[in-house]
>>> print(open('work-v3.tsv').read())   # TSV, C-alpha atoms
chain	number	residue	atom	x	y	z
A	228	MET	CA	97.53	127.65	87.16
A	229	PRO	CA	94.94	125.44	88.90
A	230	LYS	CA	96.01	123.77	92.12
A	231	ALA	CA	96.02	120.25	90.72
A	232	ALA	CA	98.29	121.24	87.87
A	233	GLY	CA	100.70	123.01	90.18
A	234	THR	CA	100.87	120.01	92.47
A	235	LEU	CA	101.60	117.66	89.60
A	236	GLU	CA	104.29	119.90	88.19
A	237	LYS	CA	106.17	119.91	91.49
A	238	ARG	CA	105.99	116.14	91.75
A	239	GLN	CA	106.99	115.24	88.24
A	240	LYS	CA	110.69	115.70	88.97
A	241	SER	CA	110.76	112.97	91.59
A	242	MET	CA	108.40	110.45	90.03
A	243	LYS	CA	109.61	107.21	88.48
A	244	PRO	CA	109.46	106.04	85.79
A	245	ILE	CA	106.34	107.68	84.41
A	246	LEU	CA	106.14	111.39	83.70
A	247	ARG	CA	102.70	112.54	84.79
A	248	GLN	CA	100.85	115.51	83.41
A	249	ALA	CA	98.00	117.52	84.87
A	250	ILE	CA	94.61	116.80	83.41
A	251	MET	CA	92.57	119.07	85.63
A	252	SER	CA	92.20	122.69	84.67
A	253	PRO	CA	89.38	125.21	84.31
A	254	ALA	CA	89.33	124.60	80.57
A	255	GLU	CA	89.71	120.81	80.57
A	256	GLU	CA	87.64	119.36	83.39
A	257	ASN	CA	88.09	115.84	84.68
A	258	GLY	CA	85.38	113.32	85.37
A	259	ALA	CA	84.04	112.90	81.85
A	260	PRO	CA	84.99	109.73	79.99
A	261	GLU	CA	88.22	109.88	78.06
A	262	MET	CA	89.24	108.27	74.81
A	263	THR	CA	92.06	105.76	75.17
A	264	ALA	CA	93.69	103.20	72.94
A	265	HIS	CA	92.44	100.55	75.41
A	266	LYS	CA	95.87	98.93	75.29
A	267	TYR	CA	95.82	98.31	79.02
A	268	ARG	CA	92.16	97.41	79.30
A	269	GLN	CA	91.58	93.86	80.49
A	270	ILE	CA	88.34	91.98	80.10
A	271	TYR	CA	87.10	89.28	82.43
A	272	THR	CA	84.43	87.07	80.87
A	273	HIS	CA	81.97	85.37	83.17
A	274	GLU	CA	80.35	82.72	81.03
A	275	ALA	CA	77.72	81.52	83.50
A	276	PRO	CA	74.33	83.24	83.81
A	277	PHE	CA	74.52	86.38	85.95
A	278	HIS	CA	71.45	86.84	88.14
A	279	LEU	CA	70.47	90.43	88.88
A	280	THR	CA	68.96	91.78	92.08
A	281	LEU	CA	65.66	92.76	90.47
A	282	GLY	CA	65.24	89.36	88.87
A	283	GLY	CA	66.77	89.79	85.43
A	284	ILE	CA	69.33	87.34	84.07
A	285	LEU	CA	72.21	88.02	81.71
A	286	PRO	CA	73.50	84.90	79.92
A	287	GLY	CA	77.06	85.97	80.71
A	288	ILE	CA	78.89	89.21	81.35
A	289	GLU	CA	82.16	90.91	80.54
A	290	THR	CA	83.81	93.29	83.00
A	291	ALA	CA	86.51	95.71	81.86
A	292	TYR	CA	89.23	96.76	84.28
A	293	GLU	CA	92.76	98.16	84.46
A	294	THR	CA	95.50	97.62	87.02
A	295	TRP	CA	98.55	99.50	88.29
A	296	GLY	CA	101.42	98.28	90.47
A	297	GLN	CA	102.39	94.74	91.37
A	298	LEU	CA	100.29	92.21	93.25
A	299	ALA	CA	102.15	91.21	96.42
A	300	VAL	CA	103.05	87.57	96.97
A	301	ASP	CA	100.49	87.35	99.77
A	302	LYS	CA	98.02	89.43	97.70
A	303	GLY	CA	97.55	91.73	100.67
A	304	ASN	CA	98.13	95.07	98.90
A	305	VAL	CA	94.99	95.31	96.75
A	306	VAL	CA	93.11	98.60	96.43
A	307	LEU	CA	89.79	98.48	94.56
A	308	LEU	CA	88.89	101.78	92.93
A	309	PHE	CA	85.28	102.37	91.90
A	310	THR	CA	84.44	105.16	89.46
A	311	GLY	CA	81.75	107.77	89.09
A	312	LEU	CA	78.81	107.20	86.76
A	313	SER	CA	80.42	108.25	83.48
A	314	SER	CA	84.09	107.31	83.90
A	315	SER	CA	85.91	104.38	82.38
A	316	ALA	CA	88.39	102.11	84.14
A	317	HIS	CA	91.24	104.27	82.82
A	318	ALA	CA	91.99	106.09	86.07
A	319	ALA	CA	95.67	106.80	85.31
A	320	SER	CA	98.23	106.44	82.53
A	321	HIS	CA	100.55	103.45	82.43
A	322	ASN	CA	103.53	105.04	80.71
A	323	ARG	CA	104.62	108.24	78.99
A	324	GLN	CA	102.80	107.41	75.77
A	325	ASP	CA	99.51	106.51	77.44
A	326	LYS	CA	96.74	109.08	77.79
A	327	PRO	CA	96.03	110.52	81.25
A	328	GLY	CA	93.23	109.03	83.29
A	329	TRP	CA	90.49	110.61	85.34
A	330	TRP	CA	92.47	110.45	88.65
A	331	GLU	CA	95.94	110.86	87.22
A	332	ALA	CA	97.19	112.93	90.15
A	333	MET	CA	96.44	110.24	92.73
A	334	ILE	CA	97.75	106.99	91.23
A	335	GLY	CA	101.42	106.24	90.70
A	336	PRO	CA	104.79	105.97	92.44
A	337	GLY	CA	104.93	108.30	95.42
A	338	LEU	CA	101.29	109.39	95.10
A	339	ALA	CA	98.41	108.68	97.47
A	340	LEU	CA	97.70	105.35	95.78
A	341	ASP	CA	101.38	104.51	95.62
A	342	THR	CA	101.92	101.87	92.97
A	343	ASP	CA	105.23	100.95	94.58
A	344	LYS	CA	103.10	99.73	97.51
A	345	TYR	CA	99.63	98.95	96.23
A	346	PHE	CA	98.06	96.93	93.45
A	347	VAL	CA	95.25	99.16	92.22
A	348	ILE	CA	92.32	97.75	90.28
A	349	CYS	CA	89.80	100.11	88.65
A	350	PHE	CA	86.60	98.72	87.14
A	351	ASN	CA	84.23	99.74	84.40
A	352	TYR	CA	80.72	98.98	85.55
A	353	LEU	CA	78.21	96.48	84.35
A	354	GLY	CA	75.72	98.56	82.36
A	355	SER	CA	78.32	101.03	81.16
A	356	CYS	CA	79.77	101.46	77.68
A	357	PHE	CA	83.56	101.24	78.10
A	358	GLY	CA	84.11	97.53	77.69
A	359	SER	CA	81.77	95.99	80.24
A	360	THR	CA	78.46	94.43	79.28
A	361	GLY	CA	75.82	97.12	78.85
A	362	PRO	CA	72.92	98.25	76.69
A	363	SER	CA	75.17	98.88	73.68
A	364	HIS	CA	76.49	95.30	73.78
A	365	LEU	CA	75.01	92.64	71.50
A	366	ASN	CA	72.21	90.59	72.96
A	367	PRO	CA	73.11	87.00	72.02
A	368	ALA	CA	69.41	86.18	71.71
A	369	THR	CA	68.86	88.76	68.97
A	370	ASP	CA	72.36	89.55	67.70
A	371	LYS	CA	71.44	93.23	68.12
A	372	PRO	CA	72.31	95.68	70.93
A	373	TYR	CA	70.33	95.14	74.13
A	374	GLY	CA	69.23	98.77	74.06
A	375	PRO	CA	66.26	99.42	76.36
A	376	ASP	CA	65.79	95.64	76.72
A	377	PHE	CA	68.86	95.53	78.94
A	378	PRO	CA	67.66	94.26	82.33
A	379	PRO	CA	67.57	96.78	85.20
A	380	VAL	CA	70.73	96.79	87.30
A	381	LEU	CA	71.32	98.03	90.83
A	382	LEU	CA	74.58	99.08	92.48
A	383	GLN	CA	74.45	95.75	94.30
A	384	ASP	CA	74.84	94.04	90.92
A	385	LEU	CA	77.81	96.27	90.09
A	386	ALA	CA	79.54	95.22	93.31
A	387	GLU	CA	78.82	91.55	92.57
A	388	SER	CA	80.25	91.77	89.05
A	389	CYS	CA	83.43	93.41	90.35
A	390	LYS	CA	83.78	90.67	92.98
A	391	LEU	CA	83.86	88.12	90.16
A	392	VAL	CA	86.99	89.82	88.80
A	393	VAL	CA	88.59	89.85	92.27
A	394	ASP	CA	87.86	86.14	92.66
A	395	HIS	CA	89.21	85.46	89.17
A	396	LEU	CA	92.50	87.09	90.21
A	397	GLY	CA	92.70	84.81	93.24
A	398	ILE	CA	92.36	87.67	95.73
A	399	GLU	CA	90.61	86.61	98.92
A	400	ARG	CA	90.83	89.86	100.87
A	401	VAL	CA	91.38	93.44	99.72
A	402	PHE	CA	93.29	96.08	101.63
A	403	CYS	CA	90.90	98.86	100.63
A	404	SER	CA	87.75	99.46	98.61
A	405	MET	CA	87.29	103.09	97.69
A	406	GLY	CA	85.51	105.46	95.35
A	407	ALA	CA	83.94	108.87	94.88
A	408	SER	CA	80.38	109.83	93.97
A	409	MET	CA	78.64	106.70	92.66
A	410	GLY	CA	81.92	104.90	93.21
A	411	GLY	CA	81.74	105.75	96.90
A	412	MET	CA	78.38	104.01	97.13
A	413	VAL	CA	79.69	100.94	95.32
A	414	ALA	CA	82.74	100.90	97.61
A	415	LEU	CA	80.47	100.91	100.68
A	416	GLU	CA	78.21	98.26	99.18
A	417	TYR	CA	81.23	96.09	98.41
A	418	ALA	CA	82.45	96.45	102.01
A	419	ALA	CA	79.00	95.57	103.35
A	420	ARG	CA	78.30	92.70	100.97
A	421	PHE	CA	81.74	91.11	101.36
A	422	ALA	CA	82.46	92.22	104.90
A	423	ASP	CA	85.01	89.51	105.66
A	424	ALA	CA	87.00	90.37	102.54
A	425	VAL	CA	87.58	94.13	103.03
A	426	GLU	CA	89.97	95.68	105.56
A	427	ASN	CA	89.47	99.39	104.84
A	428	THR	CA	86.96	101.50	102.93
A	429	ILE	CA	87.04	105.10	101.73
A	430	MET	CA	83.80	106.80	100.68
A	431	ILE	CA	84.18	110.21	99.02
A	432	SER	CA	81.32	112.60	98.29
A	433	ALA	CA	78.77	109.81	98.31
A	434	THR	CA	75.94	108.53	100.47
A	435	GLY	CA	74.41	105.43	101.99
A	436	ARG	CA	71.10	106.32	100.35
A	437	PRO	CA	70.55	109.31	98.02
A	438	GLY	CA	68.26	112.09	99.17
A	439	ALA	CA	65.34	113.56	97.27
A	440	GLN	CA	67.32	116.42	95.72
A	441	SER	CA	69.91	114.28	93.94
A	442	ILE	CA	67.13	111.93	92.78
A	443	ALA	CA	65.33	114.98	91.39
A	444	TYR	CA	68.38	116.13	89.44
A	445	ARG	CA	68.85	112.72	87.83
A	446	TYR	CA	65.13	112.46	87.04
A	447	VAL	CA	65.25	115.69	85.05
A	448	GLN	CA	68.40	114.54	83.25
A	449	ARG	CA	66.65	111.35	82.16
A	450	GLN	CA	63.53	113.21	81.03
A	451	VAL	CA	65.66	115.34	78.71
A	452	ILE	CA	66.96	112.20	77.00
A	453	LEU	CA	63.61	110.40	76.88
A	454	ALA	CA	61.96	113.45	75.26
A	455	ASP	CA	64.55	113.56	72.45
A	456	PRO	CA	63.10	112.20	69.16
A	457	ALA	CA	66.60	110.94	68.35
A	458	TYR	CA	66.43	108.66	71.39
A	459	ALA	CA	63.85	106.61	69.44
A	460	ASP	CA	62.67	104.73	72.52
A	461	GLY	CA	66.21	103.49	72.99
A	462	TRP	CA	66.62	101.92	69.54
A	463	TYR	CA	69.04	104.42	68.04
A	464	TYR	CA	72.14	102.30	67.49
A	465	ASP	CA	71.58	101.71	63.77
A	466	ARG	CA	70.22	105.21	63.13
A	467	GLU	CA	72.22	108.03	61.65
A	468	GLU	CA	70.94	110.49	64.23
A	469	LYS	CA	71.90	109.67	67.82
A	470	PRO	CA	70.62	111.38	71.00
A	471	VAL	CA	73.84	113.35	71.46
A	472	ARG	CA	72.14	116.71	71.91
A	473	SER	CA	69.97	115.50	74.79
A	474	MET	CA	72.96	113.71	76.33
A	475	SER	CA	74.85	117.00	76.19
A	476	VAL	CA	72.04	118.85	77.97
A	477	ALA	CA	71.74	116.08	80.58
A	478	ARG	CA	75.44	116.40	81.26
A	479	GLN	CA	75.16	120.17	81.52
A	480	ILE	CA	72.56	119.73	84.25
A	481	GLY	CA	74.95	117.31	85.93
A	482	ASN	CA	77.85	119.73	85.77
A	483	ILE	CA	75.80	122.37	87.55
A	484	THR	CA	75.49	119.91	90.46
A	485	TYR	CA	79.15	118.88	90.34
A	486	ARG	CA	80.38	122.39	91.16
A	487	SER	CA	79.22	125.16	93.47
A	488	GLY	CA	77.71	128.59	92.97
A	489	ARG	CA	80.71	130.16	94.68
A	490	GLU	CA	83.09	128.57	92.20
A	491	PHE	CA	80.97	129.58	89.22
A	492	ASN	CA	80.89	133.17	90.46
A	493	GLU	CA	84.64	133.29	91.06
A	494	ARG	CA	85.57	131.50	87.87
A	495	PHE	CA	83.08	132.95	85.38
A	496	GLY	CA	81.11	135.74	87.03
A	497	ARG	CA	79.06	137.51	84.39
A	498	THR	CA	81.80	137.50	81.77
A	499	ARG	CA	80.45	137.22	78.26
A	500	ALA	CA	81.80	134.83	75.65
A	501	ASP	CA	79.76	136.35	72.85
A	502	ILE	CA	78.69	139.92	72.21
A	503	GLY	CA	75.04	140.39	71.43
A	504	TYR	CA	71.75	138.84	72.43
A	505	ASN	CA	71.13	135.16	71.71
A	506	PHE	CA	69.81	131.99	73.29
A	507	GLY	CA	73.05	130.08	72.80
A	508	PRO	CA	76.17	130.13	74.98
A	509	GLU	CA	76.43	133.88	75.45
A	510	PHE	CA	78.05	133.90	78.90
A	511	GLN	CA	81.27	132.09	79.73
A	512	VAL	CA	79.53	129.81	82.22
A	513	GLU	CA	77.18	128.77	79.40
A	514	SER	CA	80.12	128.05	77.09
A	515	TYR	CA	81.70	125.95	79.82
A	516	LEU	CA	78.53	123.89	80.27
A	517	ALA	CA	78.15	123.42	76.52
A	518	HIS	CA	81.76	122.24	76.23
A	519	MET	CA	81.39	119.75	79.07
A	520	GLY	CA	78.10	118.47	77.74
A	521	ASP	CA	79.44	117.90	74.25
A	522	LYS	CA	82.51	116.16	75.67
A	523	LEU	CA	80.41	113.50	77.38
A	524	ALA	CA	77.83	113.17	74.61
A	525	ALA	CA	80.51	112.22	72.09
A	526	ASP	CA	81.58	109.16	74.10
A	527	TYR	CA	78.84	108.00	76.44
A	528	ASP	CA	75.85	105.83	75.61
A	529	ALA	CA	72.46	107.32	76.48
A	530	ASN	CA	70.97	104.00	77.57
A	531	SER	CA	73.91	103.41	79.90
A	532	PHE	CA	73.27	106.80	81.46
A	533	LEU	CA	69.60	105.99	81.99
A	534	PHE	CA	70.21	102.60	83.57
A	535	LEU	CA	73.10	103.61	85.82
A	536	SER	CA	71.61	106.90	86.97
A	537	LYS	CA	68.44	105.01	87.92
A	538	ALA	CA	70.58	102.48	89.81
A	539	MET	CA	71.91	105.36	91.89
A	540	ASP	CA	68.38	106.50	92.75
A	541	HIS	CA	67.41	103.03	93.96
A	542	TYR	CA	70.49	102.55	96.09
A	543	SER	CA	70.32	102.05	99.84
A	544	LEU	CA	72.70	100.23	102.15
A	545	GLY	CA	69.54	98.93	103.79
A	546	TYR	CA	68.13	97.38	100.61
A	547	GLY	CA	66.72	93.93	101.40
A	548	PHE	CA	66.90	94.44	105.17
A	549	ASN	CA	64.19	95.28	107.65
A	550	THR	CA	65.95	98.52	108.55
A	551	TYR	CA	68.57	100.78	107.04
A	552	GLU	CA	70.67	100.33	110.17
A	553	ALA	CA	70.71	96.56	109.71
A	554	GLY	CA	72.20	97.00	106.25
A	555	VAL	CA	74.87	99.42	107.46
A	556	LYS	CA	75.74	97.11	110.35
A	557	ARG	CA	77.20	94.59	107.90
A	558	ILE	CA	80.25	96.80	107.35
A	559	GLN	CA	83.24	95.55	109.34
A	560	ALA	CA	85.96	97.51	107.54
A	561	ARG	CA	87.71	100.48	109.02
A	562	THR	CA	86.18	103.42	107.15
A	563	LEU	CA	87.05	106.95	106.10
A	564	ILE	CA	84.07	109.10	105.10
A	565	ILE	CA	84.95	112.29	103.22
A	566	GLY	CA	82.60	115.11	102.26
A	567	VAL	CA	82.74	118.65	100.90
A	568	ASP	CA	80.89	121.59	102.41
A	569	THR	CA	79.71	122.94	99.02
A	570	ASP	CA	78.52	119.62	97.56
A	571	ILE	CA	74.92	120.09	96.39
A	572	LEU	CA	74.59	116.63	94.80
A	573	PHE	CA	75.41	114.63	97.93
A	574	PRO	CA	75.49	117.22	100.76
A	575	PHE	CA	77.91	116.75	103.63
A	576	GLU	CA	75.00	115.88	105.91
A	577	GLU	CA	74.63	112.61	104.00
A	578	GLN	CA	78.25	111.62	104.60
A	579	GLU	CA	77.95	112.68	108.22
A	580	ALA	CA	74.85	110.51	108.63
A	581	VAL	CA	76.75	107.40	107.48
A	582	TYR	CA	79.62	108.24	109.83
A	583	LYS	CA	77.34	108.78	112.83
A	584	LEU	CA	75.52	105.50	112.24
A	585	LEU	CA	78.76	103.56	111.87
A	586	ARG	CA	80.03	105.16	115.05
A	587	LYS	CA	76.79	104.33	116.87
A	588	LEU	CA	77.24	100.72	115.78
A	589	GLY	CA	80.73	100.68	117.30
A	590	LYS	CA	82.65	100.63	114.01
A	591	ASP	CA	86.13	102.06	113.48
A	592	THR	CA	85.15	105.06	111.39
A	593	HIS	CA	86.64	108.46	110.57
A	594	LEU	CA	85.06	111.61	109.12
A	595	ALA	CA	86.77	114.39	107.17
A	596	LYS	CA	85.20	117.58	105.85
A	597	LEU	CA	86.80	119.67	103.14
A	598	ARG	CA	85.91	123.33	102.85
A	599	SER	CA	86.26	124.11	99.17
A	600	ASN	CA	84.47	126.01	96.42
A	601	ALA	CA	84.97	123.02	94.10
A	602	GLY	CA	81.78	121.28	95.27
A	603	HIS	CA	81.04	117.64	94.48
A	604	ASP	CA	84.02	117.30	92.12
A	605	ALA	CA	86.54	118.55	94.70
A	606	PHE	CA	88.22	115.13	94.71
A	607	LEU	CA	89.38	115.92	91.16
A	608	VAL	CA	90.66	119.37	92.06
A	609	GLU	CA	91.94	119.56	95.64
A	610	VAL	CA	94.73	117.08	95.04
A	611	ASP	CA	96.97	118.04	97.97
A	612	TRP	CA	94.17	117.74	100.51
A	613	PHE	CA	92.91	114.39	99.26
A	614	ASP	CA	96.43	113.05	98.87
A	615	HIS	CA	97.13	113.77	102.53
A	616	LYS	CA	93.85	112.38	103.87
A	617	ILE	CA	93.95	109.17	101.84
A	618	ARG	CA	97.66	108.58	102.32
A	619	THR	CA	97.40	109.07	106.10
A	620	PHE	CA	94.38	106.81	106.43
A	621	LEU	CA	96.03	104.01	104.47
A	622	ASP	CA	99.40	104.39	106.19
A	623	GLU	CA	97.77	104.16	109.62
A	624	ALA	CA	95.78	101.05	108.76
A	625	PRO	CA	96.62	97.95	110.84
A	626	ARG	CA	98.44	95.36	108.76
A	627	GLY	CA	97.59	91.68	108.71
>>> encode(input="work-v3.tsv", output="structure tokens")
Amino acid sequence: MPKAAGTLEKRQKSMKPILRQAIMSPAEENGAPEMTAHKYRQIYTHEAPFHLTLGGILPGIETAYETWGQLAVDKGNVVLLFTGLSSSAHAASHNRQDKPGWWEAMIGPGLALDTDKYFVICFNYLGSCFGSTGPSHLNPATDKPYGPDFPPVLLQDLAESCKLVVDHLGIERVFCSMGASMGGMVALEYAARFADAVENTIMISATGRPGAQSIAYRYVQRQVILADPAYADGWYYDREEKPVRSMSVARQIGNITYRSGREFNERFGRTRADIGYNFGPEFQVESYLAHMGDKLAADYDANSFLFLSKAMDHYSLGYGFNTYEAGVKRIQARTLIIGVDTDILFPFEEQEAVYKLLRKLGKDTHLAKLRSNAGHDAFLVEVDWFDHKIRTFLDEAPRG
């Protein structure tokens, strides 16, 4: 039994009132978008024009989000949770009948993000396809999907759109902004952009500015989609054939970067899934990649992937400032920077660089390094370790 599942099983007996179930196993990976009934999805509608960093304007936007726990009377217990590129706002189930979320093992009574203590808000991003305004939404000017005409967005715009929801809820200051992968970058950007409104920040397996290797991976993923005849220059919404095959391959490339070679060797080795010689999924590792690719392709919009992956490439905490250091200096929050030694997408050196710069600037910052074969996606697997680190950091935070 995988570690996450074992941890959940031991905790289920003491949890109230929701019975949790493990969603992380070698066969059923986490991190891909999940289908939900959307019963607990909330939509905030911003009716005024939304001005984007690169100059585009949306006539109005909708932002999807979900919440867990109760907002304190003084509204001082808010934790903002930012997702990876392809996840929805459904980070955890809300009751026994609800479907598990992508971080089920971390959100709930008695867990790291204890909903008896914290009011957790998880957002779906602007540009995505799980309720928030994105390329698949109708363009009011044409009454057709925006498609490739959707204006370019940056992670700065994502942070701004989430802040609109926070303001709508009457929350002036959040206890913590946090996230992993792309969500870790948005969490840092939120803490920098709204420095007076964030007390603590947790960045997991992310970076202050992506390096050339992760940009290269995402470039190749996008080229696979753009070369697909079914992509039809982005105008595929009313076509019978959608670019699902290219989306599957793009995700397979992504999944290679989300794990490590050591884990692949231990988990799959050279075991064959099919006897014979063929160009399909002959080895178990190939079957795994095909399964994960098809899982994402069934739910995720190709244009959303293109726009948001490009937003990651463009990201820098120093964007708009004379120096990178000047952009980082904005952060006033107490920070926890977490990295994994086998992460090939955002190597530990990139987390360490953010930590060292924050420390040089005299900030209250902490660095943690996990040694794990799970690679970039370790935050979905090494539940015990992350539970302890996050819980300790939040428990030790000064109050008020």
>>> atom_distance(input="work-v3.tsv", atom1="atom CA of Gly287 of chain A", atom2="atom CA of Asp384 of chain A")
13.2 Å
>>> closest_residue(input="work-v3.tsv", among="A:Pro470, A:Asn427, A:Ser599, A:Asn351", to="Arg626 of chain A", atoms="only C-alpha atoms")
A:Asn427
>>> residues_around(input="work-v3.tsv", residues="Leu533 of chain A", least_positions_apart="3", cutoff="9 Å", atoms="only C-alpha atoms", output="PyMOL selection string")
chain A and resi 445+448-449+452+528-530+536-538
>>> write_last_selection(input="work-v3.tsv", atoms="C-alpha atoms", output="mmCIF file, in the coordinates of the input")
data_model
loop_
_atom_site.group_PDB
_atom_site.id
_atom_site.type_symbol
_atom_site.label_atom_id
_atom_site.label_comp_id
_atom_site.auth_asym_id
_atom_site.auth_seq_id
_atom_site.Cartn_x
_atom_site.Cartn_y
_atom_site.Cartn_z
ATOM 1 C CA ARG A 445 68.850 112.720 87.830
ATOM 2 C CA GLN A 448 68.400 114.540 83.250
ATOM 3 C CA ARG A 449 66.650 111.350 82.160
ATOM 4 C CA ILE A 452 66.960 112.200 77.000
ATOM 5 C CA ASP A 528 75.850 105.830 75.610
ATOM 6 C CA ALA A 529 72.460 107.320 76.480
ATOM 7 C CA ASN A 530 70.970 104.000 77.570
ATOM 8 C CA SER A 536 71.610 106.900 86.970
ATOM 9 C CA LYS A 537 68.440 105.010 87.920
ATOM 10 C CA ALA A 538 70.580 102.480 89.810
#
>>> closest_residue(input="work-v3.tsv", among="A:Met539, A:Leu312, A:Ile429, A:Cys389", to="Tyr527 of chain A", atoms="all atoms listed in the file")
A:Leu312
>>> closest_residue(input="work-v3.tsv", among="A:Gln450, A:Leu338, A:Met430, A:Arg478", to="Asp611 of chain A", atoms="all atoms listed in the file")
A:Leu338
>>> residues_near_point(input="work-v3.tsv", point="(92.8, 91.2, 94.9)", cutoff="8 Å", atoms="all atoms listed in the file", output="PyMOL selection string")
chain A and resi 298+302-307+346+393-394+396-401
>>> residues_around(input="work-v3.tsv", residues="Glu426 of chain A", least_positions_apart="5", cutoff="8 Å", atoms="all atoms listed in the file", output="ChimeraX atom specification")
/A:400-403,559-561
>>> axis_aligned_box(input="work-v3.tsv", around="segment 412-419 of chain A", padding_each_side="5 Å", output="JSON")
{"center_x": 80.5, "center_y": 99.8, "center_z": 99.3, "size_x": 14.5, "size_y": 18.4, "size_z": 18.0}
>>> closest_residue(input="work-v3.tsv", among="A:Gly481, A:Tyr515, A:Leu391, A:Trp462", to="Phe495 of chain A", atoms="all atoms listed in the file")
A:Tyr515
>>> atom_distance(input="work-v3.tsv", atom1="atom CA of Thr569 of chain A", atom2="atom CA of Glu416 of chain A")
24.7 Å
>>> residues_around(input="work-v3.tsv", residues="Thr434 of chain A", least_positions_apart="6", cutoff="7 Å", atoms="all atoms listed in the file", output="PyMOL selection string")
chain A and resi 412+573+577-578
>>> build_atoms(input="work-v3.tsv", residues="segment 339-354 of chain A", atoms="N, CA and C atoms", output="short mmCIF file (atom, residue, chain, number, x, y, z; two decimals), in the frame of the given file")
data_model
loop_
_atom_site.label_atom_id
_atom_site.label_comp_id
_atom_site.auth_asym_id
_atom_site.auth_seq_id
_atom_site.Cartn_x
_atom_site.Cartn_y
_atom_site.Cartn_z
N ALA A 339 99.25 109.22 96.40
CA ALA A 339 98.41 108.68 97.47
C ALA A 339 98.17 107.18 97.30
N LEU A 340 97.81 106.77 96.08
CA LEU A 340 97.70 105.35 95.78
C LEU A 340 99.01 104.93 95.15
N ASP A 341 99.99 104.73 96.02
CA ASP A 341 101.38 104.51 95.62
C ASP A 341 101.52 103.13 94.97
N THR A 342 101.82 103.14 93.68
CA THR A 342 101.92 101.87 92.97
C THR A 342 103.21 101.12 93.26
N ASP A 343 104.09 101.71 94.05
CA ASP A 343 105.23 100.95 94.58
C ASP A 343 104.80 100.12 95.79
N LYS A 344 103.61 100.44 96.33
CA LYS A 344 103.10 99.73 97.51
C LYS A 344 101.82 98.95 97.22
N TYR A 345 100.96 99.53 96.41
CA TYR A 345 99.63 98.95 96.23
C TYR A 345 99.41 98.41 94.82
N PHE A 346 98.53 97.45 94.73
CA PHE A 346 98.06 96.93 93.45
C PHE A 346 96.65 97.46 93.27
N VAL A 347 96.52 98.44 92.39
CA VAL A 347 95.25 99.16 92.22
C VAL A 347 94.47 98.55 91.06
N ILE A 348 93.21 98.27 91.31
CA ILE A 348 92.32 97.75 90.28
C ILE A 348 91.16 98.73 90.13
N CYS A 349 90.93 99.23 88.93
CA CYS A 349 89.80 100.11 88.65
C CYS A 349 88.87 99.42 87.65
N PHE A 350 87.58 99.45 87.93
CA PHE A 350 86.60 98.72 87.14
C PHE A 350 85.75 99.65 86.28
N ASN A 351 85.33 99.13 85.15
CA ASN A 351 84.23 99.74 84.40
C ASN A 351 82.98 98.94 84.76
N TYR A 352 81.89 99.63 84.99
CA TYR A 352 80.72 98.98 85.55
C TYR A 352 79.90 98.18 84.54
N LEU A 353 79.28 97.14 85.06
CA LEU A 353 78.21 96.48 84.35
C LEU A 353 77.14 97.53 84.03
N GLY A 354 76.69 97.56 82.78
CA GLY A 354 75.72 98.56 82.36
C GLY A 354 76.33 99.76 81.70
#
